[in-house]
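This report concerns only the one structure given below.
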Amino acid sequence: MTSATDQVAVRILLHCVSTALLASAGALAAPPANMAGIDTVVVIYAENHSFDNMYGLFPGANGIARATPEQKTQLDHDGKPLRELVVFGADGKPDPKYPRMPNAPFRIDAPPADRPPTVLVPSPIHAFYHNQAQINGGKNNLFAAMSTVGGWVMGYYDGSQFEAWKWARRYTLADNFFQGAFGGSFLNHQWLVCACTPRFEDAPDNMRPKLDAQGRLALSDQSPSANDGIVRPTFAPEGGQVTPDGWAVNTTQPPYQPSGIPPAPGGDPRLVDPAGTKQRGKALPPQTTPTIGDTLSARGVSWAWYAGAYDAALADGMQDPSAPRRVISVRDPGSPIFQPHHQPFNYFANYAPGTAARQSHLKDGSAFLEAIDKGTLPSVSFYKPTGRENQHPSYTDIMTGDRHIADILSRLEKSPQWKNMLIIVTYDENGGYWDHVPPPSGAGWGERWGPGSRIPTILIGPMVRQGYVDSTPYDTTSILKFLTARFELDPLPGVRAKTGDLTGALQPRQ
């Protein structure tokens with residue numbers, strides 16, 4: 001029997017061979033002409049909104065008005081249209097605080113829902129198997145039935161009240177950009193940095209879901225009609241982290257602090273308890289798949305992952321296991337709500353505690369702001385706002401994050417590095433909200449992991465088209481494709497062949 005160590009070695013060898021083949025085939029060609037002059041790339045990674053949810057009314061974009069009746073009309077589990085849209089509460093039953101509405105998209109910030117963007121709203125489930133089922137082969141008509149909040153998923157905002165909308169009007173809005181993977185934040189953060197799904201071969205059985213014969217989410221016999229209550233799969237909503245054959249697809253905690261799993265009593269405070277916790281299961285084993293950070297470093301290109309409240313979360317995570325962990329708490333009103341599963345490099349062995357790479361590349365959000373103002377940003381910056389400022393439904397409102405992102409953009413525009421800068425404002429995933437556009441599929445696109453639903457993406461900078469809507473098919477791995485071409489990096493095998501490289505949003509060069 002092959003040992004786990006041998007299996008890791010084989011995977012690394014296969015990766016190296018595939019990289020060499022791609023390079024020899026000309027994958028490391030010179031950057032396209034209209035990339036010339038872009039020396040600083042900034043990726044701002046917000047949370048949990050579909051394109052239609054935020055930009056469905058954007059002039060000239062493929063918005064809600066272009067949705068077909070089939071895409072708008074949500075079906076019950078039996079394939080029949082829902083009688084109405086019902087919003088369900090934490091108990092899985094109709095929530096009397098919300099009105100019942102016609103089976104169609106509705107404005108969140110207007111009557112009868114009437115929830116302004118400054119208030120907390122429900123957070124639909126956004127998980128791997130649920131997203132696949134909701135998309136329903138591209139029909140996008142099972143979002144309400146396969147959600148924990150029912151018809152709330154059909155809500156959208158008048159985005160013209162957002163500051164980010166104004167930046168989209170000035171520069172380029174990509175209206176055909178899809179999340180890299182089905183499901184939630186954990187997996188899509190992984191796809192942002194490595195275009196890969198993490199391996200967890202030894203995951204315990206209680207972290208693996210039961211699927212039907214087609215490999216889809218199996219519903220419990222107690223799952224009611226979506227007119228009456230929430231969908232009930234055969235595992236708890238927080239379960240099903242790992243596929244039956246050992247791939248981590250739903251929220252799994254990192255092996256290093258800060259993590260949702262505390263250190264072991266008397267153990268190394270930088271690491272998690274290998275026994276895990278009852279609520280979160282075991283931590284993901286350290287990953288060895290090459291990342292965009294590795295390929296940037298190999299070429300001598302400077303880069304950093306900046307995270308709001310990272311330093312505070314690290315100190316919080318390294319406390320005695322019995323101490324309260326307030327920095328990642330969603331219940332503590334003073335918490336920044338740091339989310340460990342939003343920190344993808346913290347899952348990789350190359351960035352383990354004590355490594356020089358960790359010290360060099362994983363930084364606090366305050367360092368990002370300082371570097372902007374001083375004009376000392378690295379060539380590539382990834383910025384993750386704290387939970388309070390990332391626009392995630394239920395634990396923050398959408399307007400607070402909008403103002404935060406707008407403030408960051410204004411600072412970047414004033415930065416000494418602005419004239420050679422490209423900014424990409426995008427979202428990790430749709431947050432369980434409906435979007436009417438089918439994700440790409442087929443050769444060069446469709447595969448086991450995604451792409452998932454459509455998400456908002458704005459491209460900003462002096463070399464970006466102004467007042468433009470770019471309908472080129474993109475997904476999260478387009479960011480990796482752009483970086484690979486611009487800095488002449490070794491390609492990451494998971495980047496999809498047919499996804500665009502973002503140059504459609506750049507001004508043509510003669």
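Each chain in the structure tokens gets a letter, A, B and so on, in the order shown; residues start at 1 in every chain, and ligands are counted from 1 in the order they appear.
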
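Omitting A:Asp373 and its sequence neighbours fewer than 3 positions away, and counting only C-alpha atoms, the residues within 8 Å are A:Leu369, A:Glu370, A:Thr376, A:Arg411, A:Leu412, A:Lys414, A:Ser415, A:Pro416.
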
* Tell me, as a PyMOL selection string, which residues lie within 10 Å of A:Arg358, counting only C-alpha atoms; anything in the same chain fewer than 4 positions away does not count. => chain A and resi 304-305+345-346+348-354+362-363

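Among the candidates A:Val249, A:Val437, A:Ala67, A:Val42, the residue lying nearest to A:Ile479 is A:Val42 (atoms considered: only C-alpha atoms).
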
For A:Thr197, find every residue with an atom within 9 Å (counting only C-alpha atoms), except residues of its own chain fewer than 3 positions away, and show them as a PDB file with C-alpha atoms, in the first residue's frame.
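In the end it all went to out_35.pdb:
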```pdb
ATOM      1  CA  ALA A 181     -15.966  26.828  -7.611  1.00  0.00           C
ATOM      2  CA  LEU A 187     -13.390  26.587  -1.488  1.00  0.00           C
ATOM      3  CA  ASN A 188     -13.470  29.787  -3.518  1.00  0.00           C
ATOM      4  CA  GLN A 190      -8.634  28.158  -2.396  1.00  0.00           C
ATOM      5  CA  TRP A 191      -9.460  28.577  -6.062  1.00  0.00           C
ATOM      6  CA  CYS A 194      -4.240  27.783  -6.405  1.00  0.00           C
ATOM      7  CA  TRP A 247     -11.757  16.439  -1.325  1.00  0.00           C
ATOM      8  CA  ALA A 248     -12.533  19.355   1.017  1.00  0.00           C
ATOM      9  CA  VAL A 249     -15.357  21.402  -0.505  1.00  0.00           C
ATOM     10  CA  TRP A 449     -15.655  21.772  -9.060  1.00  0.00           C
TER      11      TRP A 449
END
```

* To do: List every residue of stretch 261-426 of chain A that DSSP, applied to the backbone, labels as helix (DSSP H, G or I), and write the result as a VMD selection string.
  => chain A and resid 292 to 298 310 to 317 340 to 342 344 to 347 349 to 351 356 to 361 365 to 374 387 to 389 398 to 413 418 to 420

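Of the listed residues A:Met207, A:Val231, A:Leu217, A:Ala505, the one whose atoms come nearest to A:Asn136 is A:Leu217, with distances taken using only C-alpha atoms.
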
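Between atom CA of A:Gly446 and atom CA of A:Thr289 the interatomic distance comes to 21.3 Å.
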
* Which residue, A:Val121, A:Ala371, A:Ala133, A:Ile458, has the smallest gap to A:Ala218 when you use only C-alpha atoms? -> A:Ala133

* **Nearby residues (only C-alpha atoms) at most 12 Å from A:Ala46, same-chain spacing under 5 positions excluded, as a PyMOL selection string** => chain A and resi 164+185+188-189+307-308+342+382-393+398+400-402+404-405+424-431+455-458

Take the selection from the previous step and output its residues with N, CA and C atoms, as a JSON list (two decimals), in the first residue's frame.
```json
[["chain", "number", "residue", "atom", "x", "y", "z"],
["A", 164, "ALA", "N", -19.50, 51.70, -4.75],
["A", 164, "ALA", "CA", -18.82, 50.83, -5.71],
["A", 164, "ALA", "C", -19.47, 50.92, -7.09],
["A", 185, "SER", "N", -17.28, 30.23, 0.73],
["A", 185, "SER", "CA", -16.06, 31.02, 0.83],
["A", 185, "SER", "C", -14.80, 30.16, 0.90],
["A", 188, "ASN", "N", -13.78, 28.75, -2.54],
["A", 188, "ASN", "CA", -13.47, 29.79, -3.52],
["A", 188, "ASN", "C", -12.21, 30.57, -3.18],
["A", 189, "HIS", "N", -11.89, 30.69, -1.88],
["A", 189, "HIS", "CA", -10.60, 31.28, -1.54],
["A", 189, "HIS", "C", -9.45, 30.38, -2.00],
["A", 307, "ALA", "N", -4.75, 40.91, 5.42],
["A", 307, "ALA", "CA", -6.05, 40.57, 6.01],
["A", 307, "ALA", "C", -6.35, 41.51, 7.17],
["A", 308, "GLY", "N", -7.52, 42.11, 7.14],
["A", 308, "GLY", "CA", -7.94, 42.94, 8.25],
["A", 308, "GLY", "C", -7.97, 42.15, 9.55],
["A", 342, "HIS", "N", -11.17, 32.33, 5.52],
["A", 342, "HIS", "CA", -10.96, 33.31, 4.45],
["A", 342, "HIS", "C", -9.48, 33.58, 4.21],
["A", 382, "PHE", "N", -3.18, 41.01, -2.37],
["A", 382, "PHE", "CA", -4.52, 40.51, -2.12],
["A", 382, "PHE", "C", -4.99, 41.12, -0.80],
["A", 383, "TYR", "N", -6.18, 41.72, -0.80],
["A", 383, "TYR", "CA", -6.67, 42.33, 0.43],
["A", 383, "TYR", "C", -8.01, 41.71, 0.82],
["A", 384, "LYS", "N", -8.07, 41.20, 2.07],
["A", 384, "LYS", "CA", -9.30, 40.62, 2.61],
["A", 384, "LYS", "C", -9.78, 41.48, 3.78],
["A", 385, "PRO", "N", -10.92, 42.18, 3.63],
["A", 385, "PRO", "CA", -11.45, 42.95, 4.74],
["A", 385, "PRO", "C", -11.92, 42.05, 5.88],
["A", 386, "THR", "N", -12.01, 42.62, 7.08],
["A", 386, "THR", "CA", -12.57, 41.87, 8.20],
["A", 386, "THR", "C", -14.05, 41.58, 7.95],
["A", 387, "GLY", "N", -14.60, 40.70, 8.78],
["A", 387, "GLY", "CA", -16.02, 40.39, 8.66],
["A", 387, "GLY", "C", -16.91, 41.60, 8.81],
["A", 388, "ARG", "N", -16.52, 42.55, 9.63],
["A", 388, "ARG", "CA", -17.32, 43.76, 9.80],
["A", 388, "ARG", "C", -17.40, 44.60, 8.53],
["A", 389, "GLU", "N", -16.44, 44.40, 7.63],
["A", 389, "GLU", "CA", -16.34, 45.27, 6.45],
["A", 389, "GLU", "C", -16.35, 44.52, 5.13],
["A", 390, "ASN", "N", -16.72, 43.24, 5.14],
["A", 390, "ASN", "CA", -16.62, 42.46, 3.90],
["A", 390, "ASN", "C", -17.95, 42.25, 3.19],
["A", 391, "GLN", "N", -19.05, 42.81, 3.73],
["A", 391, "GLN", "CA", -20.39, 42.77, 3.12],
["A", 391, "GLN", "C", -21.11, 41.43, 3.27],
["A", 392, "HIS", "N", -20.62, 40.55, 4.11],
["A", 392, "HIS", "CA", -21.25, 39.25, 4.30],
["A", 392, "HIS", "C", -22.60, 39.41, 4.99],
["A", 393, "PRO", "N", -23.70, 38.91, 4.40],
["A", 393, "PRO", "CA", -25.00, 39.02, 5.05],
["A", 393, "PRO", "C", -25.02, 38.34, 6.41],
["A", 398, "ILE", "N", -24.55, 45.48, 4.11],
["A", 398, "ILE", "CA", -23.86, 45.64, 2.83],
["A", 398, "ILE", "C", -23.27, 47.03, 2.66],
["A", 400, "THR", "N", -21.89, 49.13, 4.99],
["A", 400, "THR", "CA", -20.62, 49.35, 5.70],
["A", 400, "THR", "C", -19.44, 48.89, 4.85],
["A", 401, "GLY", "N", -19.56, 47.71, 4.26],
["A", 401, "GLY", "CA", -18.49, 47.21, 3.40],
["A", 401, "GLY", "C", -18.32, 48.03, 2.14],
["A", 402, "ASP", "N", -19.43, 48.51, 1.60],
["A", 402, "ASP", "CA", -19.36, 49.36, 0.40],
["A", 402, "ASP", "C", -18.55, 50.62, 0.68],
["A", 404, "HIS", "N", -16.32, 51.00, 3.02],
["A", 404, "HIS", "CA", -14.93, 50.61, 3.27],
["A", 404, "HIS", "C", -14.19, 50.39, 1.96],
["A", 405, "ILE", "N", -14.80, 49.66, 1.03],
["A", 405, "ILE", "CA", -14.15, 49.41, -0.26],
["A", 405, "ILE", "C", -13.94, 50.72, -1.01],
["A", 424, "ILE", "N", -8.70, 44.99, -8.99],
["A", 424, "ILE", "CA", -9.79, 44.05, -9.26],
["A", 424, "ILE", "C", -10.62, 43.94, -7.99],
["A", 425, "VAL", "N", -11.84, 44.44, -8.03],
["A", 425, "VAL", "CA", -12.76, 44.30, -6.90],
["A", 425, "VAL", "C", -13.71, 43.17, -7.25],
["A", 426, "THR", "N", -13.65, 42.08, -6.50],
["A", 426, "THR", "CA", -14.52, 40.95, -6.80],
["A", 426, "THR", "C", -15.00, 40.30, -5.51],
["A", 427, "TYR", "N", -15.79, 39.26, -5.66],
["A", 427, "TYR", "CA", -16.42, 38.58, -4.53],
["A", 427, "TYR", "C", -16.04, 37.11, -4.56],
["A", 428, "ASP", "N", -15.99, 36.51, -3.37],
["A", 428, "ASP", "CA", -15.60, 35.10, -3.33],
["A", 428, "ASP", "C", -16.67, 34.22, -3.95],
["A", 429, "GLU", "N", -17.92, 34.50, -3.64],
["A", 429, "GLU", "CA", -19.03, 33.70, -4.19],
["A", 429, "GLU", "C", -20.35, 34.43, -4.02],
["A", 430, "ASN", "N", -21.42, 33.81, -4.47],
["A", 430, "ASN", "CA", -22.72, 34.48, -4.55],
["A", 430, "ASN", "C", -23.47, 34.55, -3.24],
["A", 431, "GLY", "N", -22.97, 33.91, -2.20],
["A", 431, "GLY", "CA", -23.66, 33.96, -0.91],
["A", 431, "GLY", "C", -24.99, 33.24, -0.88],
["A", 455, "ILE", "N", -20.80, 36.44, -10.19],
["A", 455, "ILE", "CA", -20.51, 37.36, -9.10],
["A", 455, "ILE", "C", -20.10, 38.73, -9.67],
["A", 456, "PRO", "N", -20.23, 39.79, -8.86],
["A", 456, "PRO", "CA", -19.82, 41.13, -9.33],
["A", 456, "PRO", "C", -18.30, 41.24, -9.41],
["A", 457, "THR", "N", -17.82, 41.94, -10.42],
["A", 457, "THR", "CA", -16.39, 42.22, -10.54],
["A", 457, "THR", "C", -16.21, 43.56, -11.25],
["A", 458, "ILE", "N", -15.41, 44.43, -10.64],
["A", 458, "ILE", "CA", -15.11, 45.73, -11.22],
["A", 458, "ILE", "C", -13.60, 45.81, -11.45]]
```

* Asked: Got a sec to tell me which of stretch 42-210 of chain A DSSP assigns to strand (DSSP E), as number ranges by chain?
  -> A: 42-46, 106-107, 155-156, 172-174, 177-178

* Which polymer residues have any atom within 7 Å of an atom of stretch 463-470 of chain A, counting only C-alpha atoms, with same-chain residues fewer than 2 positions away left out, as a list in words? -> Ala61, Arg169, Arg170, Tyr171, Thr172, Leu173, Ala174, Asp175, Leu459, Ile460, Gly461, Thr472, Gly504, Ala505, Leu506 and Gln507 of chain A

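Taking atom CA of A:Thr499 as the reference point, atom CA of A:Ile292 is found at 16.8 Å.
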
* To do: Mind checking which residues fall within 7 Å of stretch 88-104 of chain A, counting only C-alpha atoms, ignoring those fewer than 4 positions away in the same chain, and posting them as a VMD selection string?
  => chain A and resid 72 to 74 82 to 84 112 to 113 148 to 150 154 228 to 230

Give me a file of those residues, with N, CA and C atoms, as a PDB file, in the first residue's frame.
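Below is the file selection_38.pdb, written as the result:
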```pdb
ATOM      1  N   LYS A  72     -36.586  33.013 -13.665  1.00  0.00           N
ATOM      2  CA  LYS A  72     -37.173  33.787 -12.566  1.00  0.00           C
ATOM      3  C   LYS A  72     -38.088  32.950 -11.682  1.00  0.00           C
ATOM      4  N   THR A  73     -38.775  31.993 -12.273  1.00  0.00           N
ATOM      5  CA  THR A  73     -39.787  31.222 -11.545  1.00  0.00           C
ATOM      6  C   THR A  73     -39.128  30.075 -10.791  1.00  0.00           C
ATOM      7  N   GLN A  74     -39.173  30.129  -9.479  1.00  0.00           N
ATOM      8  CA  GLN A  74     -38.530  29.120  -8.661  1.00  0.00           C
ATOM      9  C   GLN A  74     -39.440  27.910  -8.449  1.00  0.00           C
ATOM     10  N   LEU A  82     -43.291  27.269  -7.083  1.00  0.00           N
ATOM     11  CA  LEU A  82     -43.717  27.615  -5.736  1.00  0.00           C
ATOM     12  C   LEU A  82     -44.941  28.528  -5.791  1.00  0.00           C
ATOM     13  N   ARG A  83     -45.831  28.391  -4.825  1.00  0.00           N
ATOM     14  CA  ARG A  83     -47.025  29.236  -4.784  1.00  0.00           C
ATOM     15  C   ARG A  83     -46.637  30.694  -4.569  1.00  0.00           C
ATOM     16  N   GLU A  84     -45.617  30.916  -3.743  1.00  0.00           N
ATOM     17  CA  GLU A  84     -45.156  32.249  -3.395  1.00  0.00           C
ATOM     18  C   GLU A  84     -43.752  32.117  -2.812  1.00  0.00           C
ATOM     19  N   PRO A 112     -42.443  45.273  -0.666  1.00  0.00           N
ATOM     20  CA  PRO A 112     -42.847  44.992   0.709  1.00  0.00           C
ATOM     21  C   PRO A 112     -41.718  44.487   1.619  1.00  0.00           C
ATOM     22  N   ALA A 113     -40.556  44.077   1.055  1.00  0.00           N
ATOM     23  CA  ALA A 113     -39.462  43.597   1.907  1.00  0.00           C
ATOM     24  C   ALA A 113     -38.913  44.734   2.764  1.00  0.00           C
ATOM     25  N   THR A 148     -31.660  27.686   2.959  1.00  0.00           N
ATOM     26  CA  THR A 148     -32.088  27.708   4.357  1.00  0.00           C
ATOM     27  C   THR A 148     -32.943  28.928   4.674  1.00  0.00           C
ATOM     28  N   VAL A 149     -33.068  29.857   3.714  1.00  0.00           N
ATOM     29  CA  VAL A 149     -33.883  31.045   3.951  1.00  0.00           C
ATOM     30  C   VAL A 149     -35.018  31.171   2.932  1.00  0.00           C
ATOM     31  N   GLY A 150     -35.239  30.113   2.152  1.00  0.00           N
ATOM     32  CA  GLY A 150     -36.345  30.115   1.213  1.00  0.00           C
ATOM     33  C   GLY A 150     -36.246  31.215   0.176  1.00  0.00           C
ATOM     34  N   MET A 154     -34.108  35.417  -3.697  1.00  0.00           N
ATOM     35  CA  MET A 154     -34.504  36.114  -4.921  1.00  0.00           C
ATOM     36  C   MET A 154     -34.414  37.630  -4.781  1.00  0.00           C
ATOM     37  N   ASP A 228     -43.273  25.381   2.668  1.00  0.00           N
ATOM     38  CA  ASP A 228     -43.565  25.219   4.091  1.00  0.00           C
ATOM     39  C   ASP A 228     -42.347  25.297   5.008  1.00  0.00           C
ATOM     40  N   GLY A 229     -41.158  24.919   4.535  1.00  0.00           N
ATOM     41  CA  GLY A 229     -39.994  24.888   5.413  1.00  0.00           C
ATOM     42  C   GLY A 229     -38.715  24.685   4.627  1.00  0.00           C
ATOM     43  N   ILE A 230     -37.578  24.732   5.346  1.00  0.00           N
ATOM     44  CA  ILE A 230     -36.281  24.685   4.667  1.00  0.00           C
ATOM     45  C   ILE A 230     -35.934  23.273   4.195  1.00  0.00           C
TER      46      ILE A 230
END
```

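Minimum atom-to-atom distances from A:Ser366, A:Ser335, A:Thr40, A:Asn206 to A:Thr396 were compared using only C-alpha atoms, and the lowest value belongs to A:Ser335.
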
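If you look at atom CA of A:Leu142 and atom CA of A:Gly159, they are 24.4 Å away from each other.
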
* Could you check which of A:Asn48, A:Thr118, A:Gly137, A:Ser379 is closest to A:Pro438, using only C-alpha atoms? => A:Gly137
